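Participant: Structure below; questions to follow.
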Amino acid sequence: MQATSNFEALRTPECTGEPLIKMEQIDKMFRTPAGDFYALNHITACFYRGEFVSVVGKSGSGKSTLVNMITGIDHPTSGTVMVAGTNIHSMNESEMSIWRGRNLGVVFQFFQLLPMLTLLENVILPMDFCAMYAPEEREKRAMELLEMVELDKEADQLPAAVSGGQQQAAAIARALANDPPIIIADEPTGNLDSRTADTVFKIFARLVEQGKSIIMVTHDPSLAARTDRSMLISDGCMIDPVVAATFPNLSHRRLLWLTRQAQEKELAPGQALLNGDQAQAMYLIASGSLDVMQTTPAGQETRLERVSPGQYLSTLEMSLPPNHRVVRVSSEQPARVLALDTQAMDHWREEAPAEWQGLERAAAERTAGWTKVSE
Ligand SMILES: Nc1ncnc2c1ncn2[C@@H]1O[C@H](COP(=O)(O)OP(=O)(O)OP(=O)(O)O)[C@@H](O)[C@H]1O
Ligand SMILES: [Mg+2]
């Protein structure tokens, strides 16, 4: 038996199970003096209950536009967003703001606390707006939330009298006022030093442990790495998470290009994929695994390698001598792969020789042990 981690599937853009948030074929077009500009293109994405997901991408890639589609701050040009069974863009503005107040906690980079209200009053405000708790309970609840973010002593201060980190902690307490199941945060640590950012991140992590679902836009790769998974956006398009996980060091531009080139294939357990020197493509494993088998002159087979989700197999390794190799889907379960054909591979090699050399080096390292096995 192989370790179960070998069979862990990397989640692909299309959704499975019962998502809490489902974005389907979202386009967002802005009319600009220079012409129509698509900030989001065909975004299909799911977020699940209890997940902590980071949204990552370069400045201008569409991260804020994407989360604004979930908060209802902005509307898609086409496509639907379902949140816990509600088609949120079918509501009018007043229905939307009540719905948002009850279901979402929204946290921004610049805190956006009301400057004339104390921290306590800022936290009470959403409860008043949505009439979620009895009036006499609201202050007590707000104090508890401020205690949770260690701001009980500052409750009566105005925002300007406390630090940036404390203002953000108060903004998180405010976001939690109506006990929403979902928190959407757009660069909540973007304006904080790294130690304060860490404190804010830990508050989020604790909320996830308590069952909240969080989507957090961030520029900080070290914070993104601490979330359950990252959703990468480039030029308003989603990078396939399988592509991103397989090539963590490639540029977002390249990852998006690979996402567009890749063809998803479902392969049956035990199916032979390609044969030694006939290798034609690169296969990125999304789920299941591929076994590289070596046949001895006597006709006996040994397994050289098992290639699992997050890894890939290319012509580079398949064309190394000696041949007589076969690649098969592991017999335990079907495999889902993203395949790149020869044309795409040739294009990649010509356009980015340095990247290609990197792939060749990696292939040489991976296959260093193979010759030993077959000698
Ligand atoms: N109201 C608007 N009108 C025209 N273009 C817009 C509008 N809002 C956003 N855009 C454009 O859409 C693209 C995506 O913007 P968005 O703010 O979503 O990027 P972002 O990834 O959040 O960037 P940053 O990391 O700088 O916050 C950008 O090119 C931006 O200029
Ligand atoms: Mg933004």
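By order in the structure tokens, chains are A, B, ...; within a chain, residues start at 1; ligands start at 1, following the order shown.
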Give me the residues within 12 Å of Leu120 of chain A as number ranges by chain, counting only C-alpha atoms and dropping any in the same chain fewer than 4 places off.
Facilitator: A: 113-116, 124-127, 138-147, 151-159, 167, 169-171, 173-174, 177
Participant: I need the residues from that last selection saved to file as a tab-separated table (two decimals), in the first residue's frame (with N, CA and C atoms), if you can.
Facilitator:
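Final output, saved to selection_22.tsv:
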```tsv
chain	number	residue	atom	x	y	z
A	113	LEU	N	-12.67	52.31	9.92
A	113	LEU	CA	-13.50	52.54	11.11
A	113	LEU	C	-14.06	53.96	11.02
A	114	LEU	N	-15.22	54.18	11.62
A	114	LEU	CA	-15.75	55.55	11.61
A	114	LEU	C	-14.98	56.36	12.65
A	115	PRO	N	-14.34	57.46	12.20
A	115	PRO	CA	-13.38	58.16	13.08
A	115	PRO	C	-14.01	58.86	14.28
A	116	MET	N	-15.30	59.21	14.15
A	116	MET	CA	-15.93	59.94	15.26
A	116	MET	C	-16.52	59.01	16.32
A	124	ILE	N	-20.48	48.06	17.73
A	124	ILE	CA	-21.94	47.94	17.96
A	124	ILE	C	-22.73	48.26	16.68
A	125	LEU	N	-22.17	49.17	15.88
A	125	LEU	CA	-22.89	49.70	14.71
A	125	LEU	C	-23.52	48.63	13.79
A	126	PRO	N	-22.77	47.59	13.37
A	126	PRO	CA	-23.39	46.59	12.48
A	126	PRO	C	-24.54	45.84	13.16
A	127	MET	N	-24.47	45.69	14.49
A	127	MET	CA	-25.56	45.00	15.20
A	127	MET	C	-26.81	45.87	15.16
A	138	ARG	N	-26.20	44.17	22.90
A	138	ARG	CA	-25.21	44.57	21.89
A	138	ARG	C	-23.89	45.04	22.49
A	139	GLU	N	-23.99	45.88	23.54
A	139	GLU	CA	-22.75	46.41	24.10
A	139	GLU	C	-21.92	45.30	24.72
A	140	LYS	N	-22.60	44.38	25.41
A	140	LYS	CA	-21.88	43.26	26.05
A	140	LYS	C	-21.17	42.42	24.99
A	141	ARG	N	-21.91	42.15	23.91
A	141	ARG	CA	-21.31	41.35	22.83
A	141	ARG	C	-20.11	42.09	22.21
A	142	ALA	N	-20.25	43.38	21.98
A	142	ALA	CA	-19.15	44.16	21.39
A	142	ALA	C	-17.93	44.12	22.30
A	143	MET	N	-18.16	44.21	23.63
A	143	MET	CA	-17.04	44.15	24.57
A	143	MET	C	-16.35	42.79	24.50
A	144	GLU	N	-17.15	41.75	24.38
A	144	GLU	CA	-16.56	40.39	24.29
A	144	GLU	C	-15.68	40.27	23.04
A	145	LEU	N	-16.17	40.84	21.94
A	145	LEU	CA	-15.39	40.78	20.70
A	145	LEU	C	-14.10	41.59	20.83
A	146	LEU	N	-14.19	42.74	21.47
A	146	LEU	CA	-12.98	43.55	21.67
A	146	LEU	C	-12.00	42.83	22.61
A	147	GLU	N	-12.54	42.14	23.60
A	147	GLU	CA	-11.68	41.34	24.49
A	147	GLU	C	-10.95	40.25	23.70
A	151	LEU	N	-8.55	44.19	22.97
A	151	LEU	CA	-8.73	45.64	22.90
A	151	LEU	C	-9.73	46.13	23.95
A	152	ASP	N	-10.03	45.30	24.96
A	152	ASP	CA	-11.05	45.70	25.92
A	152	ASP	C	-10.67	47.00	26.64
A	153	LYS	N	-9.38	47.19	26.89
A	153	LYS	CA	-8.96	48.41	27.61
A	153	LYS	C	-9.06	49.66	26.73
A	154	GLU	N	-9.04	49.46	25.41
A	154	GLU	CA	-9.09	50.60	24.49
A	154	GLU	C	-10.51	50.87	23.98
A	155	ALA	N	-11.49	50.15	24.53
A	155	ALA	CA	-12.86	50.21	23.98
A	155	ALA	C	-13.40	51.63	23.82
A	156	ASP	N	-13.04	52.52	24.74
A	156	ASP	CA	-13.62	53.86	24.69
A	156	ASP	C	-12.75	54.87	23.94
A	157	GLN	N	-11.71	54.39	23.31
A	157	GLN	CA	-10.83	55.28	22.53
A	157	GLN	C	-11.40	55.50	21.13
A	158	LEU	N	-11.04	56.63	20.54
A	158	LEU	CA	-11.34	56.85	19.12
A	158	LEU	C	-10.28	56.12	18.30
A	159	PRO	N	-10.60	55.72	17.06
A	159	PRO	CA	-9.61	54.99	16.24
A	159	PRO	C	-8.25	55.69	16.16
A	167	GLN	N	-6.24	49.23	15.28
A	167	GLN	CA	-7.40	49.62	14.45
A	167	GLN	C	-7.87	48.44	13.61
A	169	ALA	N	-7.44	45.26	14.35
A	169	ALA	CA	-8.06	44.29	15.27
A	169	ALA	C	-9.50	44.73	15.57
A	170	ALA	N	-9.70	46.04	15.76
A	170	ALA	CA	-11.06	46.55	16.01
A	170	ALA	C	-11.94	46.33	14.79
A	171	ALA	N	-11.35	46.51	13.59
A	171	ALA	CA	-12.11	46.30	12.36
A	171	ALA	C	-12.51	44.82	12.24
A	173	ALA	N	-13.03	42.83	14.87
A	173	ALA	CA	-14.12	42.69	15.87
A	173	ALA	C	-15.43	43.19	15.27
A	174	ARG	N	-15.36	44.32	14.55
A	174	ARG	CA	-16.57	44.87	13.92
A	174	ARG	C	-17.12	43.90	12.87
A	177	ALA	N	-19.26	41.29	14.32
A	177	ALA	CA	-20.36	41.75	15.18
A	177	ALA	C	-21.61	40.88	15.06
```
Participant: Determine, using only C-alpha atoms and all ligand atoms, which residues of chain A have any atom at most 10 Å from an atom of ligand 1, and tabulate each with its shortest atom pair and distance in Å to one decimal place, rows ordered by chain and then rising number, as CSV.
Facilitator:
```
residue,atom,partner,partner_atom_place_in_ligand_line,distance
A:Lys28,CA,ligand 1,12 (O),8.7
A:Met29,CA,ligand 1,5 (N),8.1
A:Phe30,CA,ligand 1,4 (C),4.8
A:Arg31,CA,ligand 1,4 (C),6.4
A:Thr32,CA,ligand 1,4 (C),5.7
A:Pro33,CA,ligand 1,4 (C),9.1
A:Ala34,CA,ligand 1,4 (C),9.9
A:Gly35,CA,ligand 1,4 (C),9.8
A:Asp36,CA,ligand 1,4 (C),8.8
A:Phe37,CA,ligand 1,5 (N),6.8
A:Tyr38,CA,ligand 1,12 (O),7.2
A:Ala39,CA,ligand 1,12 (O),4.4
A:Leu40,CA,ligand 1,14 (C),7.6
A:Val55,CA,ligand 1,21 (O),9.1
A:Val56,CA,ligand 1,21 (O),8.0
A:Gly57,CA,ligand 1,21 (O),6.1
A:Lys58,CA,ligand 1,25 (O),5.8
A:Ser59,CA,ligand 1,25 (O),3.4
A:Gly60,CA,ligand 1,19 (O),3.4
A:Ser61,CA,ligand 1,21 (O),4.0
A:Gly62,CA,ligand 1,18 (O),3.2
A:Lys63,CA,ligand 1,21 (O),3.8
A:Ser64,CA,ligand 1,22 (O),3.7
A:Thr65,CA,ligand 1,18 (O),3.7
A:Leu66,CA,ligand 1,18 (O),6.4
A:Val67,CA,ligand 1,18 (O),8.3
A:Asn68,CA,ligand 1,18 (O),8.3
A:Asp74,CA,ligand 1,1 (N),9.2
A:Gln109,CA,ligand 1,27 (O),9.4
A:Asp186,CA,ligand 1,22 (O),8.0
A:Glu187,CA,ligand 1,27 (O),7.8
A:Gly190,CA,ligand 1,25 (O),9.6
A:Val217,CA,ligand 1,22 (O),8.1
A:Thr218,CA,ligand 1,25 (O),8.0
A:His219,CA,ligand 1,25 (O),7.1
A:Ile233,CA,ligand 1,21 (O),7.8
A:Ser234,CA,ligand 1,21 (O),8.4
A:Asp235,CA,ligand 1,14 (C),7.7
A:Gly236,CA,ligand 1,14 (C),6.9
```
Participant: What's the separation between atom CA of Trp370 of chain A and atom CA of Ser289 of chain A, in Å to one decimal place?
Facilitator: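 Separation of atom CA of Trp370 of chain A and atom CA of Ser289 of chain A: 17.9 Å.
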Participant: Which of segment 33-186 of chain A end up as alpha helix (DSSP H) when DSSP is run on this backbone - answer as number ranges by chain?
Facilitator: A: 63-71, 93-103, 119-130, 135-148, 164-175
Participant: Between A:Ile285, A:Ile203, A:Val162, A:Met238, which has the minimum distance to Asp27 of chain A (counting only C-alpha atoms)?
Facilitator: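 Checking each of A:Ile285, A:Ile203, A:Val162, A:Met238 against Asp27 of chain A, counting only C-alpha atoms, the winner is A:Met238.
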Participant: Of the candidates A:Gly101, A:Phe108, A:Ser194, A:Pro269, which shows the shortest atom-to-atom distance to Asp128 of chain A, using only C-alpha atoms?
Facilitator: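 Among the listed residues, the smallest separation from Asp128 of chain A belongs to A:Gly101.
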Participant: Find the residues near Ala84 of chain A: any atom within 8 Å, counting only C-alpha atoms, skip ones fewer than 3 places away on the same chain, and give them as number ranges by chain.
Facilitator: A: 19-21
Participant: Using C-alpha atoms, can you export the residues from the last selection as a PDB file, in the first residue's frame?
Facilitator:
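For reference, result36.pdb as written:
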```pdb
ATOM      1  CA  PRO A  19     -19.329  24.719  -1.778  1.00  0.00           C
ATOM      2  CA  LEU A  20     -20.225  27.554   0.577  1.00  0.00           C
ATOM      3  CA  ILE A  21     -19.424  30.074  -2.161  1.00  0.00           C
TER       4      ILE A  21
END
```
Participant: For Arg328 of chain A, please output as a short mmCIF file (atom, residue, chain, number, x, y, z; two decimals) with C-alpha atoms, in the first residue's frame all residues within 10 Å (counting only C-alpha atoms; exclusion window: fewer than 3 positions along the same chain).
Facilitator:
```cif
data_model
loop_
_atom_site.label_atom_id
_atom_site.label_comp_id
_atom_site.auth_asym_id
_atom_site.auth_seq_id
_atom_site.Cartn_x
_atom_site.Cartn_y
_atom_site.Cartn_z
CA LEU A 267 -7.15 8.07 -17.25
CA ALA A 268 -8.30 4.61 -16.18
CA PRO A 269 -6.50 2.63 -13.44
CA GLY A 270 -3.62 0.65 -14.94
CA GLN A 271 -3.91 2.34 -18.35
CA ALA A 272 -0.60 2.56 -20.23
CA LEU A 273 0.06 6.14 -21.14
CA LEU A 274 3.07 6.37 -23.33
CA ASN A 275 5.80 4.10 -24.32
CA SER A 289 -0.59 8.76 -9.76
CA LEU A 290 1.51 7.47 -12.64
CA ASP A 291 4.10 4.70 -12.34
CA VAL A 292 7.22 4.69 -14.48
CA MET A 293 8.02 1.03 -15.16
CA ARG A 306 5.71 6.97 -8.78
CA ARG A 325 10.04 2.05 -20.22
CA SER A 331 -3.71 0.43 -10.54
CA ALA A 335 -5.73 9.53 -12.54
#
```
Participant: Restricting the calculation to only C-alpha atoms and all ligand atoms, which member of A:Thr259, A:Ala185, A:Glu264, A:Thr118 is positioned closest to ligand 2?
Facilitator: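 Ranking A:Thr259, A:Ala185, A:Glu264, A:Thr118 by distance to ligand 2, first place goes to A:Ala185.
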Participant: When distances are computed from only C-alpha atoms and all ligand atoms, which of A:Leu207, A:Leu284, A:Ala245, A:Pro188 shows the smallest separation from ligand 2?
Facilitator: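 Going through A:Leu207, A:Leu284, A:Ala245, A:Pro188 one by one, the smallest distance to ligand 2 is for A:Pro188.
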Participant: Name all residues at most 8 Å from Gly105 of chain A (count only C-alpha atoms; drop same-chain ones fewer than 6 positions away) and give them as a PyMOL selection string.
Facilitator: chain A and resi 172+174-176+180+182-184
Participant: Which polymer residues have any atom within 12 Å of an atom of Thr86 of chain A, counting only C-alpha atoms, with same-chain residues fewer than 3 positions away left out, as a ChimeraX atom specification?
Facilitator: /A:20-23,70,72,80-83,89-91,95-96,99-100,103
Participant: Please write the residues from the selection above to a file, keeping C-alpha atoms, as a CSV table (one decimal), in the first residue's frame.
Facilitator:
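Written file, out_12.csv:
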```csv
chain,number,residue,atom,x,y,z
A,20,LEU,CA,-20.2,27.6,0.6
A,21,ILE,CA,-19.4,30.1,-2.2
A,22,LYS,CA,-19.6,29.3,-5.8
A,23,MET,CA,-18.5,31.7,-8.5
A,70,ILE,CA,-18.5,38.0,-3.3
A,72,GLY,CA,-21.6,42.5,-3.5
A,80,THR,CA,-23.4,34.1,-11.0
A,81,VAL,CA,-22.2,34.1,-7.4
A,82,MET,CA,-24.0,31.8,-5.0
A,83,VAL,CA,-23.3,32.2,-1.3
A,89,HIS,CA,-26.5,39.5,-7.4
A,90,SER,CA,-30.2,39.0,-7.8
A,91,MET,CA,-30.9,41.1,-4.7
A,95,GLU,CA,-31.7,43.6,0.5
A,96,MET,CA,-28.0,43.2,-0.3
A,99,TRP,CA,-27.8,40.2,3.7
A,100,ARG,CA,-24.1,41.3,3.7
A,103,ASN,CA,-23.6,36.8,6.4
```
Participant: Might you pull out every residue within 12 Å of Arg349 of chain A, with only C-alpha atoms counted and same-chain residues fewer than 6 positions away left off, and present them as an mmCIF file with N, CA and C atoms, in the first residue's frame?
Facilitator:
```cif
data_model
loop_
_atom_site.group_PDB
_atom_site.id
_atom_site.type_symbol
_atom_site.label_atom_id
_atom_site.label_comp_id
_atom_site.auth_asym_id
_atom_site.auth_seq_id
_atom_site.Cartn_x
_atom_site.Cartn_y
_atom_site.Cartn_z
ATOM 1 N N LEU A 316 11.322 14.639 -21.186
ATOM 2 C CA LEU A 316 12.726 14.697 -20.788
ATOM 3 C C LEU A 316 13.144 13.407 -20.085
ATOM 4 N N THR A 342 3.225 18.357 -27.670
ATOM 5 C CA THR A 342 4.570 18.673 -28.174
ATOM 6 C C THR A 342 4.671 20.126 -28.633
ATOM 7 N N GLN A 343 3.607 20.579 -29.289
ATOM 8 C CA GLN A 343 3.622 21.962 -29.790
ATOM 9 C C GLN A 343 3.812 22.965 -28.651
ATOM 10 N N GLU A 355 14.125 28.736 -18.550
ATOM 11 C CA GLU A 355 13.151 27.929 -17.795
ATOM 12 C C GLU A 355 13.269 26.464 -18.215
ATOM 13 N N TRP A 356 13.446 26.285 -19.495
ATOM 14 C CA TRP A 356 13.522 24.928 -20.021
ATOM 15 C C TRP A 356 14.743 24.195 -19.452
ATOM 16 N N GLN A 357 15.874 24.940 -19.387
ATOM 17 C CA GLN A 357 17.069 24.314 -18.802
ATOM 18 C C GLN A 357 16.814 23.907 -17.351
ATOM 19 N N GLY A 358 16.072 24.750 -16.648
ATOM 20 C CA GLY A 358 15.708 24.426 -15.265
ATOM 21 C C GLY A 358 14.932 23.112 -15.212
ATOM 22 N N LEU A 359 13.996 22.934 -16.146
ATOM 23 C CA LEU A 359 13.209 21.694 -16.188
ATOM 24 C C LEU A 359 14.114 20.508 -16.492
ATOM 25 N N GLU A 360 15.063 20.720 -17.404
ATOM 26 C CA GLU A 360 15.987 19.633 -17.768
ATOM 27 C C GLU A 360 16.844 19.222 -16.568
#
```
